[in-house]
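**Q** This is my_file-v9.cif (mmCIF, C-alpha atoms).
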data_start
#
loop_
_atom_site.label_atom_id
_atom_site.label_comp_id
_atom_site.auth_asym_id
_atom_site.auth_seq_id
_atom_site.Cartn_x
_atom_site.Cartn_y
_atom_site.Cartn_z
CA MET A 1428 180.94 44.59 -223.62
CA LYS A 1429 180.62 48.04 -222.07
CA LEU A 1430 182.46 49.65 -225.00
CA LEU A 1431 180.39 47.69 -227.51
CA SER A 1432 177.20 48.79 -225.79
CA ARG A 1433 178.24 52.43 -225.90
CA LEU A 1434 179.17 52.21 -229.57
CA SER A 1435 175.89 50.46 -230.36
CA ARG A 1436 173.81 53.16 -228.67
CA ARG A 1437 175.57 55.88 -230.62
CA ARG A 1438 175.26 54.27 -234.03
CA PHE A 1439 172.22 52.04 -234.08
CA VAL A 1440 170.23 54.56 -236.14
CA GLY A 1441 172.96 54.79 -238.77
CA PHE A 1442 173.40 51.02 -238.77
CA PHE A 1443 169.75 50.36 -239.53
CA LEU A 1444 169.77 53.13 -242.13
CA LEU A 1445 172.65 51.45 -243.96
CA LEU A 1446 171.05 48.02 -243.55
CA GLY A 1447 167.79 49.32 -245.00
CA LEU A 1448 169.70 50.80 -247.94
CA MET A 1449 171.45 47.49 -248.60
CA ILE A 1450 168.17 45.55 -248.55
CA THR A 1451 166.59 48.05 -250.92
CA LEU A 1452 169.59 47.87 -253.20
CA SER A 1453 169.49 44.08 -253.35
CA ILE A 1454 165.93 44.32 -254.61
CA GLU A 1455 165.89 47.45 -256.75
CA LEU A 1456 169.53 47.77 -257.84
CA PRO A 1457 171.14 44.35 -258.24
CA GLN A 1458 173.94 46.02 -260.25
CA PHE A 1459 175.11 47.55 -256.97
CA TYR A 1460 176.73 44.23 -256.07
CA ALA A 1461 178.55 43.91 -259.38
CA ALA A 1462 182.32 43.61 -258.94
CA GLN A 1463 182.96 46.76 -260.97
CA ASN A 1464 180.54 48.82 -258.89
CA LEU A 1465 181.94 47.59 -255.57
CA SER A 1466 185.40 48.48 -256.86
CA ASN A 1467 184.17 51.98 -257.72
CA LEU A 1468 182.70 52.24 -254.22
CA LEU A 1469 186.10 51.52 -252.70
CA LEU A 1470 187.79 54.01 -255.04
CA ARG A 1471 185.34 56.67 -253.85
CA ALA A 1472 185.71 55.86 -250.15
CA VAL A 1473 189.51 56.18 -249.94
CA PRO A 1474 189.88 59.96 -250.49
CA LEU A 1475 186.76 60.69 -248.43
CA LEU A 1476 188.21 58.72 -245.51
CA CYS A 1477 191.44 60.73 -245.72
CA VAL A 1478 189.62 64.05 -245.70
CA ALA A 1479 187.06 62.96 -243.07
CA LEU A 1480 189.80 61.76 -240.70
CA GLY A 1481 191.51 65.15 -240.87
CA GLN A 1482 188.16 66.88 -240.46
CA MET A 1483 187.37 64.72 -237.43
CA ILE A 1484 190.64 65.71 -235.74
CA VAL A 1485 189.79 69.41 -236.15
CA ILE A 1486 186.19 68.90 -234.99
CA LEU A 1487 187.47 67.07 -231.89
CA ILE A 1488 188.94 70.40 -230.73
CA ALA A 1489 185.61 72.13 -231.54
CA GLY A 1490 186.95 73.59 -234.78
CA ILE A 1491 186.09 73.09 -238.44
CA ASP A 1492 187.99 73.22 -241.73
CA LEU A 1493 186.14 74.39 -244.84
CA SER A 1494 189.35 74.53 -246.90
CA VAL A 1495 189.86 70.75 -247.25
CA GLY A 1496 188.21 70.61 -250.68
CA ALA A 1497 190.27 73.52 -252.00
CA THR A 1498 193.43 71.94 -250.58
CA LEU A 1499 192.61 68.71 -252.40
CA SER A 1500 192.04 70.54 -255.69
CA LEU A 1501 195.28 72.50 -255.28
CA ALA A 1502 197.16 69.24 -254.75
CA THR A 1503 195.97 67.88 -258.11
CA ALA A 1504 196.88 71.15 -259.83
CA ILE A 1505 200.40 71.13 -258.40
CA ALA A 1506 200.83 67.47 -259.30
CA SER A 1507 199.78 68.07 -262.91
CA HIS A 1508 202.65 70.55 -263.27
CA LEU A 1509 205.44 69.00 -261.19
CA MET A 1510 205.07 65.26 -261.83
CA VAL A 1511 206.33 65.67 -265.36
CA ARG A 1512 209.66 66.70 -263.82
CA SER A 1513 209.87 64.54 -260.71
CA ILE A 1514 207.28 62.42 -258.90
CA PRO A 1515 209.06 62.59 -255.48
CA LEU A 1516 209.40 66.39 -255.81
CA ALA A 1517 205.69 66.70 -256.59
CA ILE A 1518 204.67 64.50 -253.64
CA LEU A 1519 206.88 66.37 -251.16
CA SER A 1520 205.70 69.75 -252.49
CA ILE A 1521 202.04 68.76 -252.16
CA LEU A 1522 202.44 67.41 -248.62
CA ALA A 1523 204.37 70.53 -247.60
CA ALA A 1524 201.68 72.74 -249.14
CA GLY A 1525 198.94 70.89 -247.25
CA MET A 1526 200.75 71.26 -243.93
CA PHE A 1527 201.48 74.94 -244.62
CA ILE A 1528 197.79 75.58 -245.36
CA GLY A 1529 196.90 73.85 -242.10
CA LEU A 1530 199.47 75.98 -240.27
CA ILE A 1531 197.93 79.17 -241.66
CA ASN A 1532 194.45 78.01 -240.65
CA GLY A 1533 195.67 77.07 -237.20
CA LEU A 1534 197.50 80.34 -236.57
CA GLY A 1535 194.51 82.33 -237.77
CA ALA A 1536 191.98 80.41 -235.69
CA VAL A 1537 194.10 80.01 -232.56
CA LYS A 1538 196.53 82.91 -232.35
CA ALA A 1539 194.57 85.59 -234.23
CA LYS A 1540 191.30 84.39 -232.64
CA ILE A 1541 189.48 84.38 -235.99
CA ASN A 1542 186.38 82.19 -236.01
CA PRO A 1543 187.43 78.85 -237.56
CA PHE A 1544 184.46 78.93 -239.94
CA VAL A 1545 185.44 82.37 -241.23
CA MET A 1546 189.17 81.62 -241.28
CA THR A 1547 188.96 78.38 -243.22
CA PHE A 1548 186.25 79.74 -245.54
CA GLY A 1549 188.55 82.63 -246.43
CA THR A 1550 191.48 80.25 -246.91
CA SER A 1551 189.30 78.14 -249.20
CA SER A 1552 188.54 81.15 -251.38
CA VAL A 1553 192.23 82.06 -251.62
CA LEU A 1554 193.19 78.48 -252.51
CA ASN A 1555 190.49 78.28 -255.17
CA GLY A 1556 191.93 81.37 -256.81
CA VAL A 1557 195.49 80.00 -256.67
CA THR A 1558 194.34 76.65 -258.07
CA LEU A 1559 192.54 78.30 -260.99
CA TYR A 1560 195.66 80.32 -261.72
CA ILE A 1561 197.81 77.18 -261.80
CA ARG A 1562 195.29 75.00 -263.62
CA PRO A 1563 192.38 77.01 -265.14
CA SER A 1564 190.79 73.85 -266.57
CA PRO A 1565 191.28 70.10 -266.10
CA GLY A 1566 194.46 68.83 -267.71
CA GLY A 1567 198.19 68.40 -267.25
CA TYR A 1568 200.38 65.32 -267.30
CA ILE A 1569 200.40 62.55 -264.71
CA PRO A 1570 202.93 59.74 -265.30
CA ARG A 1571 201.34 56.38 -266.02
CA VAL A 1572 203.66 54.67 -263.52
CA TYR A 1573 202.22 56.83 -260.72
CA VAL A 1574 198.63 56.06 -261.71
CA ASN A 1575 199.32 52.35 -262.00
CA THR A 1576 201.05 52.26 -258.61
CA ILE A 1577 198.30 54.06 -256.70
CA LEU A 1578 195.45 52.24 -258.47
CA ALA A 1579 197.14 48.84 -258.68
CA TYR A 1580 194.81 45.91 -259.38
CA TRP A 1581 195.21 42.21 -258.75
CA GLY A 1582 192.72 40.69 -261.10
CA SER A 1583 189.51 42.60 -260.40
CA VAL A 1584 190.56 43.58 -256.86
CA PRO A 1585 191.91 47.15 -256.44
CA VAL A 1586 194.75 46.23 -254.08
CA GLY A 1587 196.35 49.67 -254.26
CA PRO A 1588 193.31 51.59 -252.95
CA LEU A 1589 192.58 48.81 -250.45
CA PHE A 1590 196.12 49.07 -249.07
CA ILE A 1591 195.83 52.85 -248.80
CA LEU A 1592 192.49 52.54 -247.01
CA CYS A 1593 193.95 50.13 -244.46
CA LEU A 1594 197.04 52.30 -244.02
CA VAL A 1595 194.94 55.41 -243.33
CA LEU A 1596 192.93 53.49 -240.73
CA ILE A 1597 196.10 52.21 -239.05
CA VAL A 1598 197.64 55.69 -238.94
CA GLY A 1599 194.39 57.16 -237.64
CA PHE A 1600 194.08 54.49 -234.94
CA TRP A 1601 197.68 55.02 -233.86
CA LEU A 1602 197.35 58.81 -233.79
CA LEU A 1603 194.05 58.94 -231.89
CA TYR A 1604 194.43 56.05 -229.45
CA LYS A 1605 198.12 55.25 -229.08
CA THR A 1606 199.75 58.65 -228.78
CA THR A 1607 199.78 61.33 -226.11
CA TYR A 1608 198.66 63.84 -228.72
CA GLY A 1609 195.51 61.81 -229.38
CA ARG A 1610 194.59 61.98 -225.70
CA HIS A 1611 195.29 65.70 -225.72
CA LEU A 1612 192.85 66.19 -228.60
CA TYR A 1613 190.00 64.68 -226.61
CA ALA A 1614 191.00 66.56 -223.47
CA VAL A 1615 191.17 69.95 -225.20
CA GLY A 1616 187.88 69.39 -227.01
CA GLY A 1617 186.15 68.16 -223.87
CA ASN A 1618 187.24 70.94 -221.51
CA GLU A 1619 189.82 73.40 -222.73
CA GLU A 1620 190.38 75.08 -219.37
CA ALA A 1621 190.81 71.76 -217.57
CA ALA A 1622 193.27 70.65 -220.24
CA ARG A 1623 195.26 73.84 -219.76
CA LEU A 1624 195.35 73.35 -216.00
CA ALA A 1625 196.54 69.78 -216.58
CA GLY A 1626 199.61 71.15 -218.37
CA ILE A 1627 198.54 70.65 -221.99
CA ASN A 1628 199.69 73.32 -224.42
CA VAL A 1629 196.24 74.01 -225.85
CA ALA A 1630 197.39 76.39 -228.59
CA VAL A 1631 199.96 73.95 -229.98
CA CYS A 1632 197.46 71.09 -229.82
CA LYS A 1633 194.90 73.07 -231.84
CA ILE A 1634 197.39 74.32 -234.43
CA LEU A 1635 198.71 70.79 -234.93
CA ALA A 1636 195.13 69.59 -235.51
CA TYR A 1637 194.79 71.97 -238.47
CA ILE A 1638 198.21 70.96 -239.80
CA VAL A 1639 197.25 67.27 -239.67
CA CYS A 1640 193.96 68.08 -241.38
CA GLY A 1641 195.77 69.87 -244.19
CA LEU A 1642 198.17 66.93 -244.51
CA PHE A 1643 195.34 64.40 -244.87
CA ALA A 1644 193.58 66.63 -247.42
CA SER A 1645 196.77 66.80 -249.49
CA LEU A 1646 197.11 63.00 -249.26
CA ALA A 1647 193.57 62.72 -250.61
CA GLY A 1648 194.64 65.08 -253.40
CA LEU A 1649 197.55 62.80 -254.30
CA TYR A 1650 195.14 59.88 -254.50
CA MET A 1651 192.64 61.81 -256.64
CA THR A 1652 195.46 62.87 -258.94
CA ALA A 1653 195.99 59.22 -259.79
CA ARG A 1654 192.27 58.51 -260.08
CA ILE A 1655 191.51 61.32 -262.55
CA ALA A 1656 195.02 61.22 -264.09
CA SER A 1657 195.11 65.01 -264.33
CA GLY A 1658 194.80 68.21 -262.39
CA ASP A 1659 191.30 69.57 -261.80
CA PRO A 1660 190.47 72.87 -260.04
CA ALA A 1661 186.97 71.66 -259.12
CA VAL A 1662 187.60 68.05 -258.05
CA GLY A 1663 187.51 68.83 -254.32
CA GLY A 1664 184.18 70.64 -254.37
CA THR A 1665 182.11 67.84 -252.83
CA PHE A 1666 184.56 66.88 -250.11
CA VAL A 1667 183.75 69.69 -247.66
CA LEU A 1668 180.11 68.71 -247.23
CA ASP A 1669 180.80 64.97 -247.45
CA SER A 1670 183.61 65.05 -244.88
CA ILE A 1671 181.62 67.07 -242.35
CA GLY A 1672 178.59 64.89 -243.00
CA ALA A 1673 180.55 61.66 -242.56
CA VAL A 1674 182.04 62.88 -239.29
CA ALA A 1675 178.66 64.04 -237.98
CA VAL A 1676 176.84 60.86 -239.03
CA GLY A 1677 179.65 58.87 -237.39
CA GLY A 1678 178.78 60.34 -234.01
CA THR A 1679 181.52 62.94 -233.52
CA ALA A 1680 180.19 65.88 -231.49
CA LEU A 1681 180.60 69.18 -233.34
CA THR A 1682 181.11 70.79 -229.93
CA GLY A 1683 184.34 68.78 -229.58
CA GLY A 1684 185.72 66.16 -227.25
CA ARG A 1685 183.75 63.12 -228.45
CA GLY A 1686 184.06 60.90 -231.50
CA THR A 1687 185.65 57.70 -232.75
CA LEU A 1688 187.61 56.63 -235.77
CA TRP A 1689 185.20 53.75 -236.37
CA GLY A 1690 182.24 56.11 -236.30
CA THR A 1691 183.93 58.27 -238.94
CA LEU A 1692 184.62 55.17 -241.05
CA PHE A 1693 180.95 54.26 -240.75
CA GLY A 1694 179.97 57.78 -241.86
CA VAL A 1695 182.32 57.52 -244.84
CA ILE A 1696 180.65 54.24 -245.84
CA ILE A 1697 177.20 55.85 -245.54
CA PHE A 1698 178.10 58.82 -247.75
CA SER A 1699 180.01 56.69 -250.26
CA VAL A 1700 177.05 54.31 -250.59
CA LEU A 1701 174.64 57.23 -250.96
CA SER A 1702 176.73 58.81 -253.72
CA ASN A 1703 176.95 55.44 -255.45
CA ILE A 1704 173.17 54.98 -255.24
CA PHE A 1705 172.57 58.43 -256.68
CA ASN A 1706 174.86 57.65 -259.62
CA LEU A 1707 173.20 54.30 -260.28
CA LEU A 1708 169.79 56.00 -260.24
CA ASN A 1709 171.08 58.88 -262.40
CA VAL A 1710 170.01 61.44 -259.80
CA ASN A 1711 170.88 64.99 -260.81
CA ILE A 1712 173.94 66.35 -259.00
CA TYR A 1713 171.89 69.29 -257.69
CA TRP A 1714 169.48 66.98 -255.88
CA GLN A 1715 172.43 65.06 -254.47
CA TYR A 1716 173.63 68.25 -252.77
CA VAL A 1717 170.12 68.89 -251.42
CA PHE A 1718 169.75 65.39 -249.99
CA LYS A 1719 173.21 65.32 -248.40
CA GLY A 1720 172.68 68.77 -246.92
CA LEU A 1721 169.40 67.65 -245.36
CA ILE A 1722 171.15 64.63 -243.85
CA VAL A 1723 173.80 66.84 -242.24
CA ILE A 1724 171.18 69.27 -240.90
CA GLY A 1725 169.09 66.40 -239.54
CA VAL A 1726 172.00 64.63 -237.84
CA VAL A 1727 173.42 67.81 -236.31
CA GLY A 1728 169.97 68.98 -235.24
CA PHE A 1729 169.22 65.66 -233.57
CA SER A 1730 172.61 65.74 -231.84
CA GLN A 1731 172.03 69.26 -230.54
CA LEU A 1732 168.58 68.32 -229.29
CA LYS A 1733 170.05 65.35 -227.44
CA GLU A 1734 172.75 67.57 -225.94
CA ARG A 1735 170.16 70.01 -224.59
CA LYS A 1736 168.14 67.20 -223.05
#
Rewrite the coordinates I just gave you, this time as structure tokens.

**A**
Amino acid sequence: MKLLSRLSRRRFVGFFLLLGLMITLSIELPQFYAAQNLSNLLLRAVPLLCVALGQMIVILIAGIDLSVGATLSLATAIASHLMVRSIPLAILSILAAGMFIGLINGLGAVKAKINPFVMTFGTSSVLNGVTLYIRPSPGGYIPRVYVNTILAYWGSVPVGPLFILCLVLIVGFWLLYKTTYGRHLYAVGGNEEAARLAGINVAVCKILAYIVCGLFASLAGLYMTARIASGDPAVGGTFVLDSIGAVAVGGTALTGGRGTLWGTLFGVIIFSVLSNIFNLLNVNIYWQYVFKGLIVIGVVGFSQLKERK
């Protein structure tokens, strides 16, 4: 009951926001509840959950990763070239690339003492250039067997994406709550000096956080490769804002040390539903960016105000 009460206090605003959206949708947009639209909603939520989970792990140590979208795009570009030769080779190469990108970000932010915002922003620019070199425009070949496996359906139910969603949640739960490393993440983000005095290798913990973030971003890229059935240098563009927004809306403190997997899942649902609403209402993509940006500013501003009080 105590845990439930704490979770309720943190998320009651977001809960009523989502509830209000659902009620409005039931009246104004009955097509929202169509089987095809709900399926599309799930397809959209899976990659965002992957990226947001990695982003949450970095934010727990008071960092940030602005290169997740570029990592995702690079993954699709690599896949569009390598999968024609070997699917396992492409998957291993993409996962290795994601972890290597995370390692570079971690070393830069932790060992070289470069501000994480600047470090990951610079990495994002480099990756965008590499991705455009590999795949200047959308295209390439993705084997049909790979697409059918990742996006497997049973009747009208997308069992493949649903399985991946559950698997990501299980892995995230295990990593954050059942491992020593998960406890170290919260300790380092909450009080770095106290964590160091307790014997935690703070530098390794932080670097690993960026590596895990890069890994989850590359996993999202593998999923998006199947969804768009090609490589696309711009497909990851929206994931930076959406992942940070989902984590912030879910109650994770951008100052580190506090946040839950379930809060991040809730934030992913909020942003996935919002994107779906915008598409159903044919809202221009530019206004979508404006609205989502205002949400992030509002949530972070409210959080900072509460922290000061």

**Q** Using the chain letters and numbering of this document, enumerate as an MDAnalysis selection string the residues selected by the PyMOL selection byres ((chain A and resi 1505-1517) around 6).

**A** chainID A and resid 1502:1504 1518:1520 1567:1569 1657:1658

**Q** Do you have the atom CA of A:Val1615-atom CA of A:Gly1684 distance handy?

**A**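 Going from atom CA of A:Val1615 over to atom CA of A:Gly1684, I get 6.9 Å.
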
**Q** Could you give me, as a list in words, the residues within 10 Å of A:Gly1617, counting only C-alpha atoms and dropping anything in the same chain fewer than 4 positions from it?

**A**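 Contacts, in chain order: Leu1487, Ile1488, Ala1489, His1611, Leu1612, Tyr1613, Ala1621, Ala1622, Ala1680, Thr1682, Gly1683, Gly1684 and Arg1685 of chain A.
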
**Q** For the residues selected in the previous step, produce a file with C-alpha atoms as a compact mmCIF listing (two decimals), in the frame of the given file.

**A**
# COMPACT_ATOMS: atom_id res chain seq x y z
CA LEU A 1487 187.47 67.07 -231.89
CA ILE A 1488 188.94 70.40 -230.73
CA ALA A 1489 185.61 72.13 -231.54
CA HIS A 1611 195.29 65.70 -225.72
CA LEU A 1612 192.85 66.19 -228.60
CA TYR A 1613 190.00 64.68 -226.61
CA ALA A 1621 190.81 71.76 -217.57
CA ALA A 1622 193.27 70.65 -220.24
CA ALA A 1680 180.19 65.88 -231.49
CA THR A 1682 181.11 70.79 -229.93
CA GLY A 1683 184.34 68.78 -229.58
CA GLY A 1684 185.72 66.16 -227.25
CA ARG A 1685 183.75 63.12 -228.45

**Q** List the residues matched by the PyMOL selection byres ((chain A and resi 1630) around 9) in the displayed structure as a list in words, ordered by chain and then by residue number.

**A**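 Applying the expression gives Gly1533, Leu1534, Val1537, Lys1538, Ile1627, Asn1628, Val1629, Val1631, Cys1632, Lys1633, Ile1634 and Leu1635 of chain A.
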
**Q** Could you work out how far atom CA of A:Leu1602 lies from atom CA of A:Thr1679, giving the answer in Å with one decimal?

**A** 16.4 Å

**Q** Set the distance at 12 Å and use all atoms listed in the file: which residues neighbour A:Ala1579 once local chain neighbours fewer than 5 positions away are removed? I'd like the list as a ChimeraX atom specification.

**A** /A:1466,1470,1571-1574,1584-1591,1650,1653-1654

**Q** May I have the residues at most 12 Å from (196.0, 77.2, -254.9) in the file's coordinates, counting only C-alpha atoms, as number ranges by chain?

**A** A: 1494-1506, 1521, 1524-1525, 1527-1528, 1550-1563, 1645, 1658-1661, 1663

**Q** Could you check which of A:Ile1454, A:Ala1675, A:Ala1539, A:Ala1636 is closest to A:Val1727, using all atoms listed in the file?

**A**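 Nearest to A:Val1727: A:Ala1675.
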
**Q** Considering all atoms listed in the file, can you say which of A:Leu1688, A:Gly1672, A:Thr1547, A:Leu1530 comes closest to A:Val1598?

**A**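 When distances to A:Val1598 are compared using all atoms listed in the file, the smallest one comes from A:Leu1688.
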
**Q** Could you put an axis-aligned box around every listed atom of stretch 1564-1577 of chain A, padded by 8 Å on each side, and send me its centre and edge lengths in Å to one decimal, as AutoDock Vina command-line options?

**A**
--center_x 197.2 --center_y 63.1 --center_z -262.2 --size_x 28.9 --size_y 37.6 --size_z 27.0

**Q** Might you spell out which residues the PyMOL selection byres ((chain A and resi 1699) around 10) would select in the displayed file, as a list in words?

**A**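 With the PyMOL selection byres ((chain A and resi 1699) around 10) on this model, the match is Asn1467, Leu1468, Leu1469, Leu1470, Arg1471, Ala1472, Val1473, Leu1475, Leu1476, Asp1669, Ala1673, Phe1693, Gly1694, Val1695, Ile1696, Ile1697, Phe1698, Val1700, Leu1701, Ser1702, Asn1703, Ile1704 and Phe1705 of chain A.
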
**Q** Could you jot down the atom CA of A:Asn1618 to atom CA of A:Gly1678 separation for me, Å, one decimal place?

**A**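 These two atoms are separated by 18.4 Å.
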
**Q** Ranking A:Gly1582, A:Pro1565, A:Gly1677, A:Pro1570 by minimum distance to A:Met1483 and counting only C-alpha atoms, which one comes first?

**A**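 When distances to A:Met1483 are compared using only C-alpha atoms, the smallest one comes from A:Gly1677.
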
**Q** Pick from A:Met1546, A:Ala1479, A:Ile1577, A:Val1726: nearest to A:Asn1532, with only C-alpha atoms counted?

**A**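 When distances to A:Asn1532 are compared using only C-alpha atoms, the smallest one comes from A:Met1546.
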
**Q** A:Val1674, A:Gly1490, A:Gly1720, A:Cys1640: which is nearest A:Met1526, counting all atoms listed in the file?

**A**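 Smallest distance to A:Met1526 is found for A:Cys1640.
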
**Q** Smallest atom-to-atom distance to A:Ala1461: which of A:Leu1721, A:Val1639, A:Lys1605, A:Leu1707, using all atoms listed in the file?

**A** A:Leu1707
